[in-house]
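Peer 1: Please find work_33.txt (compact mmCIF, C-alpha atoms) on the next line:
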# COMPACT_ATOMS: atom_id res chain seq x y z
CA MET R 1 -15.08 39.86 38.77
CA THR R 2 -14.59 41.16 35.24
CA ALA R 3 -13.97 44.74 36.36
CA SER R 4 -10.97 43.69 38.47
CA VAL R 5 -8.80 42.61 35.54
CA ASP R 6 -8.08 43.74 31.98
CA PHE R 7 -6.94 42.04 28.79
CA GLY R 8 -3.31 42.14 29.91
CA ARG R 9 -4.13 40.00 32.98
CA LEU R 10 -1.02 41.32 34.68
CA VAL R 11 -2.62 43.66 37.22
CA ARG R 12 -5.66 43.03 39.41
CA ARG R 13 -7.58 45.62 41.42
CA ARG R 14 -10.92 44.82 43.00
CA PRO R 15 -13.25 47.83 42.77
CA SER R 16 -15.41 48.88 45.70
CA ALA R 17 -18.32 49.45 43.28
CA VAL R 18 -19.21 49.02 39.62
CA LEU R 19 -21.58 51.50 37.96
CA ARG R 20 -23.47 50.57 34.80
CA PRO R 21 -24.87 53.96 33.83
CA ARG R 22 -27.94 54.62 31.71
CA SER R 23 -26.94 58.20 30.87
CA ALA R 24 -24.11 60.71 31.04
CA GLY R 25 -26.01 62.31 33.91
CA GLU R 26 -25.68 59.12 35.95
CA VAL R 27 -21.94 59.06 35.21
CA GLY R 28 -21.72 62.65 36.40
CA GLU R 29 -23.63 61.95 39.59
CA SER R 30 -21.39 59.00 40.43
CA VAL R 31 -18.21 60.96 39.72
CA ARG R 32 -19.44 63.89 41.78
CA THR R 33 -20.18 61.65 44.77
CA ALA R 34 -16.85 59.85 44.47
CA ALA R 35 -14.93 63.13 44.20
CA ALA R 36 -16.58 64.44 47.35
CA ASP R 37 -15.38 61.35 49.22
CA GLY R 38 -11.95 61.21 47.55
CA VAL R 39 -12.74 57.85 45.93
CA PRO R 40 -10.95 57.11 42.63
CA VAL R 41 -13.00 56.50 39.47
CA ALA R 42 -12.04 54.68 36.28
CA ALA R 43 -14.09 54.24 33.12
CA ARG R 44 -13.92 50.79 31.57
CA GLY R 45 -14.84 50.25 27.94
CA ARG R 46 -13.92 46.75 26.80
CA GLY R 47 -11.02 46.39 29.25
CA HIS R 48 -8.53 45.80 26.43
CA SER R 49 -5.68 47.74 28.02
CA GLY R 50 -2.66 45.78 29.12
CA TYR R 51 -1.35 46.98 32.46
CA GLY R 52 -4.22 48.07 34.68
CA GLN R 53 -4.87 51.37 32.90
CA ALA R 54 -8.65 51.08 33.42
CA LEU R 55 -8.56 49.44 36.86
CA THR R 56 -9.11 50.93 40.31
CA ASP R 57 -9.97 49.89 43.84
CA GLY R 58 -12.58 52.64 43.82
CA VAL R 59 -15.52 52.98 41.41
CA VAL R 60 -15.40 51.42 37.95
CA VAL R 61 -17.80 52.95 35.43
CA ASP R 62 -18.70 50.11 33.07
CA MET R 63 -19.36 51.93 29.81
CA SER R 64 -20.77 48.86 28.07
CA SER R 65 -24.22 50.02 29.18
CA LEU R 66 -23.75 53.24 27.15
CA ALA R 67 -23.26 51.76 23.69
CA ALA R 68 -25.98 53.18 21.44
CA VAL R 69 -25.61 54.56 17.94
CA HIS R 70 -27.68 57.77 17.88
CA GLU R 71 -27.34 59.28 14.43
CA VAL R 72 -25.75 58.41 11.10
CA ALA R 73 -25.32 61.01 8.36
CA GLU R 74 -23.24 61.11 5.21
CA ASP R 75 -20.28 62.78 6.89
CA ARG R 76 -20.65 61.82 10.58
CA ILE R 77 -21.93 59.38 13.15
CA VAL R 78 -22.91 60.03 16.78
CA VAL R 79 -22.28 57.15 19.18
CA ASP R 80 -22.02 56.47 22.89
CA ALA R 81 -18.49 55.94 24.14
CA GLY R 82 -19.16 52.33 25.13
CA ALA R 83 -20.00 51.35 21.55
CA GLY R 84 -17.48 49.10 19.84
CA TRP R 85 -15.90 50.03 16.53
CA ASP R 86 -17.61 46.96 15.10
CA ALA R 87 -20.99 48.59 15.87
CA VAL R 88 -19.81 51.93 14.46
CA LEU R 89 -18.72 50.25 11.22
CA ALA R 90 -21.97 48.26 10.95
CA ALA R 91 -24.11 51.39 11.31
CA ALA R 92 -21.97 53.43 8.91
CA TRP R 93 -21.80 50.62 6.37
CA GLU R 94 -25.59 50.64 5.96
CA ARG R 95 -25.11 54.03 4.28
CA GLY R 96 -21.99 53.02 2.38
CA ARG R 97 -19.75 54.93 4.80
CA THR R 98 -16.90 54.06 7.15
CA PRO R 99 -14.71 55.68 9.80
CA PRO R 100 -11.45 56.76 8.12
CA VAL R 101 -9.35 54.87 10.68
CA LEU R 102 -10.22 51.50 12.18
CA THR R 103 -8.17 49.52 14.64
CA ASP R 104 -7.16 46.01 13.53
CA TYR R 105 -9.31 44.55 16.30
CA LEU R 106 -12.79 46.06 16.11
CA ARG R 107 -14.14 45.02 19.50
CA LEU R 108 -12.58 47.99 21.25
CA SER R 109 -14.71 50.79 22.64
CA VAL R 110 -14.86 54.21 21.04
CA GLY R 111 -14.16 55.98 24.33
CA GLY R 112 -11.22 53.70 25.10
CA THR R 113 -9.36 54.22 21.85
CA LEU R 114 -10.05 57.96 21.76
CA SER R 115 -8.52 58.21 25.22
CA MET R 116 -5.35 56.55 23.88
CA GLY R 117 -5.10 57.60 20.24
CA GLY R 118 -6.38 54.73 18.08
CA ILE R 119 -4.14 53.57 15.25
CA GLY R 120 -4.72 51.44 12.17
CA GLY R 121 -3.37 50.64 8.74
CA THR R 122 -4.85 53.85 7.27
CA SER R 123 -3.29 56.15 9.87
CA PHE R 124 -0.53 57.25 7.51
CA ARG R 125 -3.27 58.95 5.49
CA HIS R 126 -5.82 60.03 8.12
CA GLY R 127 -3.88 60.28 11.38
CA LEU R 128 -5.15 58.50 14.48
CA GLN R 129 -8.77 57.97 15.46
CA THR R 130 -8.40 61.06 17.65
CA ASP R 131 -7.97 63.04 14.41
CA THR R 132 -11.38 61.95 13.13
CA VAL R 133 -13.44 63.38 16.02
CA ILE R 134 -15.86 66.24 15.38
CA ALA R 135 -17.28 66.69 18.90
CA LEU R 136 -17.33 65.06 22.32
CA GLU R 137 -19.58 64.80 25.35
CA VAL R 138 -17.44 64.44 28.46
CA VAL R 139 -17.99 64.05 32.21
CA THR R 140 -15.19 65.88 33.97
CA GLY R 141 -13.82 65.06 37.41
CA ASP R 142 -16.20 67.52 39.07
CA GLY R 143 -19.16 65.49 37.76
CA VAL R 144 -20.23 68.08 35.17
CA VAL R 145 -21.43 66.89 31.74
CA ARG R 146 -19.77 69.10 29.11
CA THR R 147 -19.56 69.23 25.32
CA CYS R 148 -16.46 70.28 23.40
CA GLY R 149 -14.95 70.35 19.95
CA PRO R 150 -11.80 71.34 18.05
CA GLY R 151 -10.23 74.45 19.54
CA ASP R 152 -11.63 73.82 23.01
CA GLU R 153 -9.23 73.22 25.87
CA LEU R 154 -11.18 70.22 27.15
CA PHE R 155 -11.11 68.62 23.69
CA ALA R 156 -7.30 68.80 23.75
CA ALA R 157 -7.16 67.51 27.33
CA VAL R 158 -9.35 64.46 26.68
CA LEU R 159 -8.29 63.11 23.27
CA GLY R 160 -5.26 60.92 23.96
CA GLY R 161 -5.42 62.14 27.56
CA LEU R 162 -5.56 58.66 29.13
CA GLY R 163 -8.73 59.51 31.04
CA GLN R 164 -6.99 62.01 33.31
CA CYS R 165 -9.32 64.97 32.75
CA GLY R 166 -12.65 63.44 31.83
CA ILE R 167 -14.71 60.40 30.90
CA ILE R 168 -15.86 60.44 27.28
CA THR R 169 -19.56 59.52 27.17
CA ARG R 170 -20.45 60.33 23.55
CA ALA R 171 -18.53 61.11 20.35
CA THR R 172 -19.35 62.54 16.95
CA LEU R 173 -17.02 60.93 14.42
CA ARG R 174 -16.20 61.73 10.83
CA LEU R 175 -17.25 59.28 8.10
CA VAL R 176 -15.99 58.82 4.55
CA ALA R 177 -17.19 56.80 1.57
CA ALA R 178 -16.50 53.06 1.72
CA SER R 179 -15.81 50.92 -1.32
CA PRO R 180 -17.88 47.70 -1.40
CA ARG R 181 -14.90 45.65 -2.55
CA ILE R 182 -11.18 45.94 -1.93
CA SER R 183 -7.99 44.40 -3.23
CA ARG R 184 -5.71 42.90 -0.56
CA HIS R 185 -2.16 41.56 -0.96
CA GLU R 186 0.67 40.18 1.14
CA VAL R 187 4.29 40.65 0.03
CA ASP R 188 7.12 38.70 1.67
CA TYR R 189 10.60 40.07 2.37
CA ASP R 190 13.92 38.66 3.47
CA THR R 191 14.55 41.45 5.98
CA VAL R 192 12.64 43.97 8.06
CA ALA R 193 14.75 46.73 6.51
CA ALA R 194 13.60 45.83 3.01
CA ALA R 195 9.96 45.64 4.13
CA ALA R 196 10.15 48.99 5.92
CA ALA R 197 11.80 50.63 2.90
CA ASP R 198 8.94 49.51 0.65
CA GLN R 199 6.43 50.49 3.30
CA LEU R 200 7.80 54.03 3.35
CA ARG R 201 7.75 54.16 -0.44
CA PHE R 202 4.14 52.95 -0.54
CA VAL R 203 2.88 55.56 1.92
CA GLU R 204 4.86 58.35 0.23
CA GLU R 205 3.41 57.42 -3.15
CA GLY R 206 -0.09 56.86 -1.76
CA ARG R 207 -0.63 53.81 -3.95
CA PHE R 208 -2.43 51.87 -1.20
CA ASP R 209 -5.10 52.83 1.32
CA PHE R 210 -3.96 50.37 4.00
CA VAL R 211 -0.35 49.42 4.79
CA GLN R 212 0.86 47.27 7.68
CA GLY R 213 4.09 45.38 8.36
CA GLN R 214 4.24 42.11 10.28
CA VAL R 215 6.76 39.59 11.57
CA ARG R 216 5.52 36.14 12.53
CA PHE R 217 7.05 32.78 13.37
CA GLY R 218 5.66 29.55 11.95
CA GLU R 219 6.70 26.05 11.01
CA ALA R 220 8.71 27.44 8.10
CA GLY R 221 10.56 29.88 10.37
CA ARG R 222 10.41 33.63 10.52
CA ARG R 223 8.18 35.45 8.06
CA VAL R 224 8.47 39.19 7.33
CA PHE R 225 5.72 40.64 5.16
CA LEU R 226 3.65 43.68 4.29
CA GLU R 227 -0.12 43.55 4.14
CA THR R 228 -1.57 46.13 1.75
CA ALA R 229 -5.05 46.94 0.55
CA ALA R 230 -6.47 49.25 -2.09
CA TYR R 231 -9.99 50.39 -1.26
CA SER R 232 -11.32 50.11 -4.80
CA GLY R 233 -12.29 47.10 -6.87
CA GLY R 234 -10.95 43.69 -5.91
CA ASP R 235 -12.63 40.50 -4.78
CA LEU R 236 -12.79 40.97 -1.01
CA SER R 237 -15.63 42.64 0.86
CA TYR R 238 -14.59 45.77 2.76
CA VAL R 239 -16.42 44.60 5.88
CA GLU R 240 -14.92 41.12 5.64
CA PHE R 241 -11.46 42.66 5.52
CA GLN R 242 -12.11 44.84 8.56
CA HIS R 243 -13.27 41.76 10.51
CA ARG R 244 -10.19 39.75 9.52
CA LEU R 245 -9.18 39.09 13.15
CA ASP R 246 -12.50 37.58 14.22
CA ALA R 247 -11.49 34.02 13.35
CA ALA R 248 -8.20 34.36 15.23
CA GLU R 249 -10.01 35.64 18.31
CA GLU R 250 -12.45 32.74 18.14
CA LEU R 251 -9.59 30.23 17.93
CA LEU R 252 -7.64 31.83 20.78
CA THR R 253 -10.79 31.87 22.89
CA GLU R 254 -11.37 28.18 22.22
CA THR R 255 -7.79 27.27 23.17
CA GLY R 256 -7.81 29.55 26.22
CA ALA R 257 -4.86 31.66 25.05
CA TRP R 258 -7.10 34.73 24.82
CA PHE R 259 -7.39 34.61 28.63
CA HIS R 260 -3.66 34.22 29.33
CA PRO R 261 -1.48 37.21 30.32
CA HIS R 262 -0.55 39.55 27.47
CA PRO R 263 2.67 41.45 28.19
CA TRP R 264 2.40 43.55 25.02
CA TRP R 265 4.74 46.39 24.07
CA ASN R 266 4.00 49.46 21.94
CA CYS R 267 6.21 52.44 21.09
CA PHE R 268 6.50 55.10 18.41
CA LEU R 269 10.01 55.52 17.02
CA PRO R 270 11.34 58.10 14.55
CA ALA R 271 11.78 56.69 11.06
CA SER R 272 15.51 57.44 11.24
CA THR R 273 16.01 54.95 14.09
CA ALA R 274 13.01 52.64 13.76
CA VAL R 275 14.49 50.34 11.12
CA GLY R 276 17.66 49.71 13.10
CA PHE R 277 15.62 49.08 16.25
CA LEU R 278 13.26 46.72 14.41
CA THR R 279 16.12 44.83 12.78
CA ALA R 280 17.87 44.23 16.12
CA LEU R 281 14.57 43.35 17.79
CA VAL R 282 13.58 40.78 15.20
CA GLU R 283 17.02 39.18 15.20
CA ARG R 284 16.86 38.47 18.92
CA LEU R 285 13.22 37.42 19.13
CA THR R 286 12.41 33.72 19.17
CA PRO R 287 9.11 31.88 18.66
CA ALA R 288 8.96 31.37 22.43
CA ASP R 289 9.14 35.15 22.97
CA LEU R 290 5.89 35.69 21.06
CA GLY R 291 3.97 32.45 21.51
CA PRO R 292 2.18 30.63 18.68
CA ALA R 293 -0.24 33.50 17.96
CA GLY R 294 2.14 36.39 18.59
CA CYS R 295 3.62 38.83 16.11
CA VAL R 296 5.44 42.12 15.67
CA LEU R 297 3.55 44.90 13.89
CA PHE R 298 4.96 48.09 12.39
CA TYR R 299 3.02 51.02 10.94
CA PRO R 300 4.31 54.28 9.48
CA VAL R 301 2.51 57.50 10.45
CA PHE R 302 2.96 61.01 9.09
CA THR R 303 3.30 62.90 12.36
CA GLY R 304 1.82 66.04 10.82
CA GLU R 305 -1.51 64.21 10.51
CA VAL R 306 -1.71 63.68 14.30
CA HIS R 307 -3.06 66.72 16.14
CA ALA R 308 -4.04 65.62 19.66
CA PRO R 309 -1.38 67.35 21.81
CA LEU R 310 -1.21 64.61 24.44
CA VAL R 311 -0.48 61.86 21.92
CA ARG R 312 3.30 61.89 21.95
CA LEU R 313 5.15 61.20 18.72
CA PRO R 314 8.80 61.60 17.71
CA ALA R 315 9.84 64.94 16.23
CA GLU R 316 10.27 63.66 12.68
CA ARG R 317 8.04 63.77 9.64
CA ILE R 318 7.40 60.02 9.81
CA ALA R 319 7.23 57.79 12.87
CA PHE R 320 6.74 54.04 13.13
CA LEU R 321 4.54 52.38 15.68
CA VAL R 322 6.28 49.15 16.67
CA ALA R 323 4.11 46.68 18.59
CA ILE R 324 5.14 43.34 20.11
CA LEU R 325 2.01 41.25 20.62
CA ARG R 326 2.99 38.37 22.89
CA PHE R 327 0.78 35.34 23.61
CA PRO R 328 2.87 33.41 26.15
CA PRO R 329 1.67 30.43 28.17
CA ASP R 330 0.19 31.16 31.59
CA ASP R 331 3.57 31.08 33.32
CA ALA R 332 4.05 33.77 35.98
CA ASP R 333 7.86 33.67 35.93
CA LEU R 334 8.02 33.91 32.13
CA VAL R 335 5.54 36.76 32.06
CA ALA R 336 7.47 38.66 34.76
CA ARG R 337 10.65 38.32 32.68
CA GLN R 338 8.82 39.60 29.61
CA VAL R 339 7.49 42.64 31.48
CA ALA R 340 11.05 43.37 32.63
CA GLU R 341 12.22 43.00 29.03
CA ASN R 342 9.48 45.43 27.99
CA ARG R 343 11.03 48.01 30.30
CA ARG R 344 14.50 47.45 28.83
CA LEU R 345 13.12 47.76 25.30
CA TYR R 346 11.32 50.95 26.24
CA GLU R 347 14.56 52.48 27.53
CA GLU R 348 16.26 51.58 24.24
CA ALA R 349 13.40 53.13 22.26
CA ARG R 350 13.33 56.23 24.47
CA ASP R 351 17.06 56.77 23.94
CA LEU R 352 16.42 56.57 20.18
CA GLY R 353 13.81 59.33 20.37
CA GLY R 354 10.82 57.06 20.91
CA PHE R 355 7.65 57.42 22.98
CA THR R 356 5.41 54.75 24.43
CA TYR R 357 1.94 54.25 22.99
CA PRO R 358 0.52 53.60 26.46
CA VAL R 359 -1.79 50.63 25.95
CA GLY R 360 0.74 47.89 26.68
CA ALA R 361 2.68 46.58 29.65
CA ILE R 362 5.65 48.84 30.35
CA PRO R 363 6.31 49.68 34.02
CA PHE R 364 6.33 53.50 34.32
CA THR R 365 7.17 55.84 37.17
CA GLN R 366 5.87 59.38 37.61
CA ALA R 367 9.26 60.60 36.38
CA ASP R 368 8.76 58.53 33.23
CA TRP R 369 5.40 60.20 32.67
CA ARG R 370 6.92 63.66 33.08
CA HIS R 371 9.53 62.74 30.50
CA HIS R 372 6.88 61.25 28.24
CA PHE R 373 4.72 64.38 28.15
CA GLY R 374 7.76 66.64 28.04
CA SER R 375 6.87 70.23 27.14
CA ARG R 376 3.18 69.31 27.41
CA TRP R 377 3.47 68.26 31.05
CA PRO R 378 2.65 71.74 32.45
CA ALA R 379 -0.48 71.93 30.26
CA LEU R 380 -1.62 68.47 31.39
CA CYS R 381 -1.08 69.43 35.04
CA GLY R 382 -3.13 72.58 34.53
CA TRP R 383 -5.93 70.71 32.82
CA LYS R 384 -5.90 68.03 35.52
CA SER R 385 -6.24 70.67 38.22
CA ARG R 386 -9.03 72.45 36.34
CA TYR R 387 -11.14 69.49 35.23
CA ASP R 388 -10.37 66.94 37.97
CA PRO R 389 -9.77 69.11 41.04
CA ALA R 390 -10.11 66.20 43.48
CA GLY R 391 -7.69 64.09 41.42
CA VAL R 392 -9.94 61.03 41.33
CA LEU R 393 -10.03 60.13 37.62
CA THR R 394 -8.21 57.14 36.15
CA PRO R 395 -5.45 56.34 38.64
CA GLY R 396 -4.41 53.16 36.79
CA PRO R 397 -1.52 54.60 34.72
CA GLY R 398 0.03 56.21 37.83
CA ILE R 399 0.60 59.57 36.11
CA PHE R 400 -0.12 61.74 39.15
Represent the structure contained in this file as structure tokens.
Peer 2:
Amino acid sequence: MTASVDFGRLVRRRPSAVLRPRSAGEVGESVRTAAADGVPVAARGRGHSGYGQALTDGVVVDMSSLAAVHEVAEDRIVVDAGAGWDAVLAAAWERGRTPPVLTDYLRLSVGGTLSMGGIGGTSFRHGLQTDTVIALEVVTGDGVVRTCGPGDELFAAVLGGLGQCGIITRATLRLVAASPRISRHEVDYDTVAAAAADQLRFVEEGRFDFVQGQVRFGEAGRRVFLETAAYSGGDLSYVEFQHRLDAAEELLTETGAWFHPHPWWNCFLPASTAVGFLTALVERLTPADLGPAGCVLFYPVFTGEVHAPLVRLPAERIAFLVAILRFPPDDADLVARQVAENRRLYEEARDLGGFTYPVGAIPFTQADWRHHFGSRWPALCGWKSRYDPAGVLTPGPGIF
């Protein structure tokens, strides 16, 4: 059953029921009934989380049936939460517009990424996808359909809130002008430190619209490079660039690797410690640690551009997201070792002032979550009590 496993393929939970709603009202009715019976509920967008975040043995709300685009204007688009970012881009592009921030992989759901944060190569300029939201429709844990916007308590509780206080059913998102053609480049470096130094310089100077760092292993050995793009002129279609991972997904699907376990790791580190962490990480990684399709990604983000209070970032002006995207063979012992290594790496990052970006596979206890949310933990507890009084929403992360 699709609803019993996610992209990570590390955790399995068989739901007692799967709801494919036709409206927010149906979501509310289902949540209300489940809450009355004390049955847990989890919304599932595209199931791209890595460690059972959207799984439950209760009711799974399959949001793929709520995926319509309702309205496109010059400055905004209104979409159901089950819509993929590929559909959002397609609808916006017809008017020469685009979301300011797009994830590398576009086949993620709007509701899913807004519940996590949503990061991309333009985040240094525009913040996370949570920072591009104008309004939300949300079903809270009492089954009530509510609307909210900036300044509202529920808005703060839901964006980056990991589904703890409500299920996003519709979002109004900001749009900006899109250039028909872009200029894309890759620049190779001998070391991660040199790449990160240029990356910081590029984002400070604002000379590019998209900046991403990568480390990959190939036949020629380790490759460290920056991928940059200027969203003006050039010989590459903007839409083609945004769909750049489609061919890789098709190949991995054909080989079966797309359906193997994915013990991925994601953390934000302060710029002051990120380069040292990255350097040590890359030195000890081997091709076998990542698999043939794996890589390490690193993005700089100006923390002042990120406003969702439950998205935790280091207390420095610039933070780096560091992501280890592993594609190992389907070997249970190897995968278990890699999940254990993820925990060790998290503890290193935490001690350097880092915070998890909670889409990957890092074993967390409730004490870890309290540490993660820090000074915002009391607010989250209050919001949870207010908007999910029966405590049934999204048990997968194990926060409460």
Peer 1: Just the residues within 9 Å of R:Ser49, please, counting all atoms listed in the file, with nothing from its chain fewer than 2 positions along; format it as a VMD selection string.
Peer 2: chain R and resid 6 to 8 46 to 47 51 to 54 112 358 to 361
Peer 1: Which is closer to R:Pro389 than all the others in R:Val110, R:Ala230, R:Ala349, R:Ala36, using all atoms listed in the file?
Peer 2: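 Answer, going by the shortest atom-to-atom distance: R:Ala36.
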Peer 1: Applying 8 Å and all atoms listed in the file, which residues near R:Asp57 remain after dropping the ones on its own chain fewer than 5 positions away? List them as a ChimeraX atom specification.
Peer 2: /R:13-16,40
Peer 1: At most 6 Å is the cut-off: for each residue in stretch 205-293 of chain R with any atom that close to an atom of stretch 297-309 of chain R, write down the nearest atom pair and the distance in Å rounded to one decimal, counting all atoms listed in the file, chain first then increasing number, as a tab-separated table.
Peer 2:
residue	atom	partner	partner_atom	distance
R:Gln212	CA	R:Tyr299	CA	5.4
R:Gly213	CA	R:Phe298	CA	4.9
R:Gln214	CA	R:Leu297	CA	4.6
Peer 1: State, in Å with one decimal place, the distance from atom CA of R:Tyr357 to atom CA of R:Val322.
Peer 2: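 Separation of atom CA of R:Tyr357 and atom CA of R:Val322: 9.2 Å.
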Peer 1: Just give me the gap between atom CA of R:Ser109 and atom CA of R:Arg44 in Å, one decimal is fine.
Peer 2: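 Computing it gives 9.0 Å between the two atoms.
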Peer 1: Report the distance between atom CA of R:Leu290 and atom CA of R:Thr103 in Å, rounded to one decimal place.
Peer 2: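 Between atom CA of R:Leu290 and atom CA of R:Thr103 the gap works out to 20.7 Å.
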Peer 1: Give me the box for stretch 205-216 of chain R as AutoDock Vina command-line options, namely the centre and edge lengths in Å to one decimal of a box along x, y and z that holds every listed atom plus 3 Å on each side.
Peer 2:
--center_x 0.8 --center_y 46.8 --center_z 4.3 --size_x 17.9 --size_y 27.3 --size_z 22.5
Peer 1: Considering only C-alpha atoms, state which residue in the set R:Ala288, R:Val41, R:Ile362, R:Leu236 is at the smallest distance from R:Leu10.
Peer 2: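 Closest residue, counting only C-alpha atoms: R:Ile362.
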Peer 1: So, with only C-alpha atoms as the atoms that count, which of R:Val282, R:Ala271, R:Val335, R:Val145 lies closest to R:Phe217?
Peer 2: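 Nearest to R:Phe217: R:Val282.
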Peer 1: So which one's closest to R:Thr255, R:Leu269, R:Ala177, R:Ala42, R:Ala293? Using all atoms listed in the file, please.
Peer 2: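 Nearest to R:Thr255: R:Ala293.
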Peer 1: As a list in words, please: the residues near R:Arg344 (cut-off 12 Å, all atoms listed in the file, same-chain neighbours under 5 positions excluded).
Peer 2: Trp265, Leu281, Arg337, Gln338, Val339, Ala349, Arg350, Asp351, Ala361, Ile362, Pro363 and Phe364 of chain R
Peer 1: Would you please work out which residue, of R:Glu94, R:Asp86, R:Asp80, R:Glu186, is nearest to R:Ala135 when using all atoms listed in the file?
Peer 2: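 Among R:Glu94, R:Asp86, R:Asp80, R:Glu186, it is R:Asp80 that comes nearest to R:Ala135.
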Peer 1: Calculated over all atoms listed in the file, which of the candidates R:Met63, R:Ala195, R:Ser115, R:Arg107 has the smallest distance to R:Val224?
Peer 2: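 Closest residue, counting all atoms listed in the file: R:Ala195.
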Peer 1: Which neighbours of R:Ala157 fall inside 12 Å, counting all atoms listed in the file, when residues of the same chain fewer than 3 positions from it are skipped, and could you give them as a ChimeraX atom specification?
Peer 2: /R:114-116,130,136,138,140,148-154,160-168,307-311,376-388
Peer 1: Could you list, as an mmCIF file with C-alpha atoms, in the frame of the given file, every residue within 9 Å of R:Leu175, counting all atoms listed in the file and ignoring same-chain residues fewer than 4 positions away?
Peer 2:
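part15.cif, written as the output of this step:
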data_model
loop_
_atom_site.group_PDB
_atom_site.id
_atom_site.type_symbol
_atom_site.label_atom_id
_atom_site.label_comp_id
_atom_site.auth_asym_id
_atom_site.auth_seq_id
_atom_site.Cartn_x
_atom_site.Cartn_y
_atom_site.Cartn_z
ATOM 1 C CA ALA R 73 -25.320 61.010 8.360
ATOM 2 C CA GLU R 74 -23.240 61.110 5.210
ATOM 3 C CA ASP R 75 -20.280 62.780 6.890
ATOM 4 C CA ARG R 76 -20.650 61.820 10.580
ATOM 5 C CA ILE R 77 -21.930 59.380 13.150
ATOM 6 C CA ALA R 92 -21.970 53.430 8.910
ATOM 7 C CA ARG R 97 -19.750 54.930 4.800
ATOM 8 C CA THR R 98 -16.900 54.060 7.150
ATOM 9 C CA PRO R 99 -14.710 55.680 9.800
ATOM 10 C CA PRO R 100 -11.450 56.760 8.120
ATOM 11 C CA THR R 132 -11.380 61.950 13.130
#
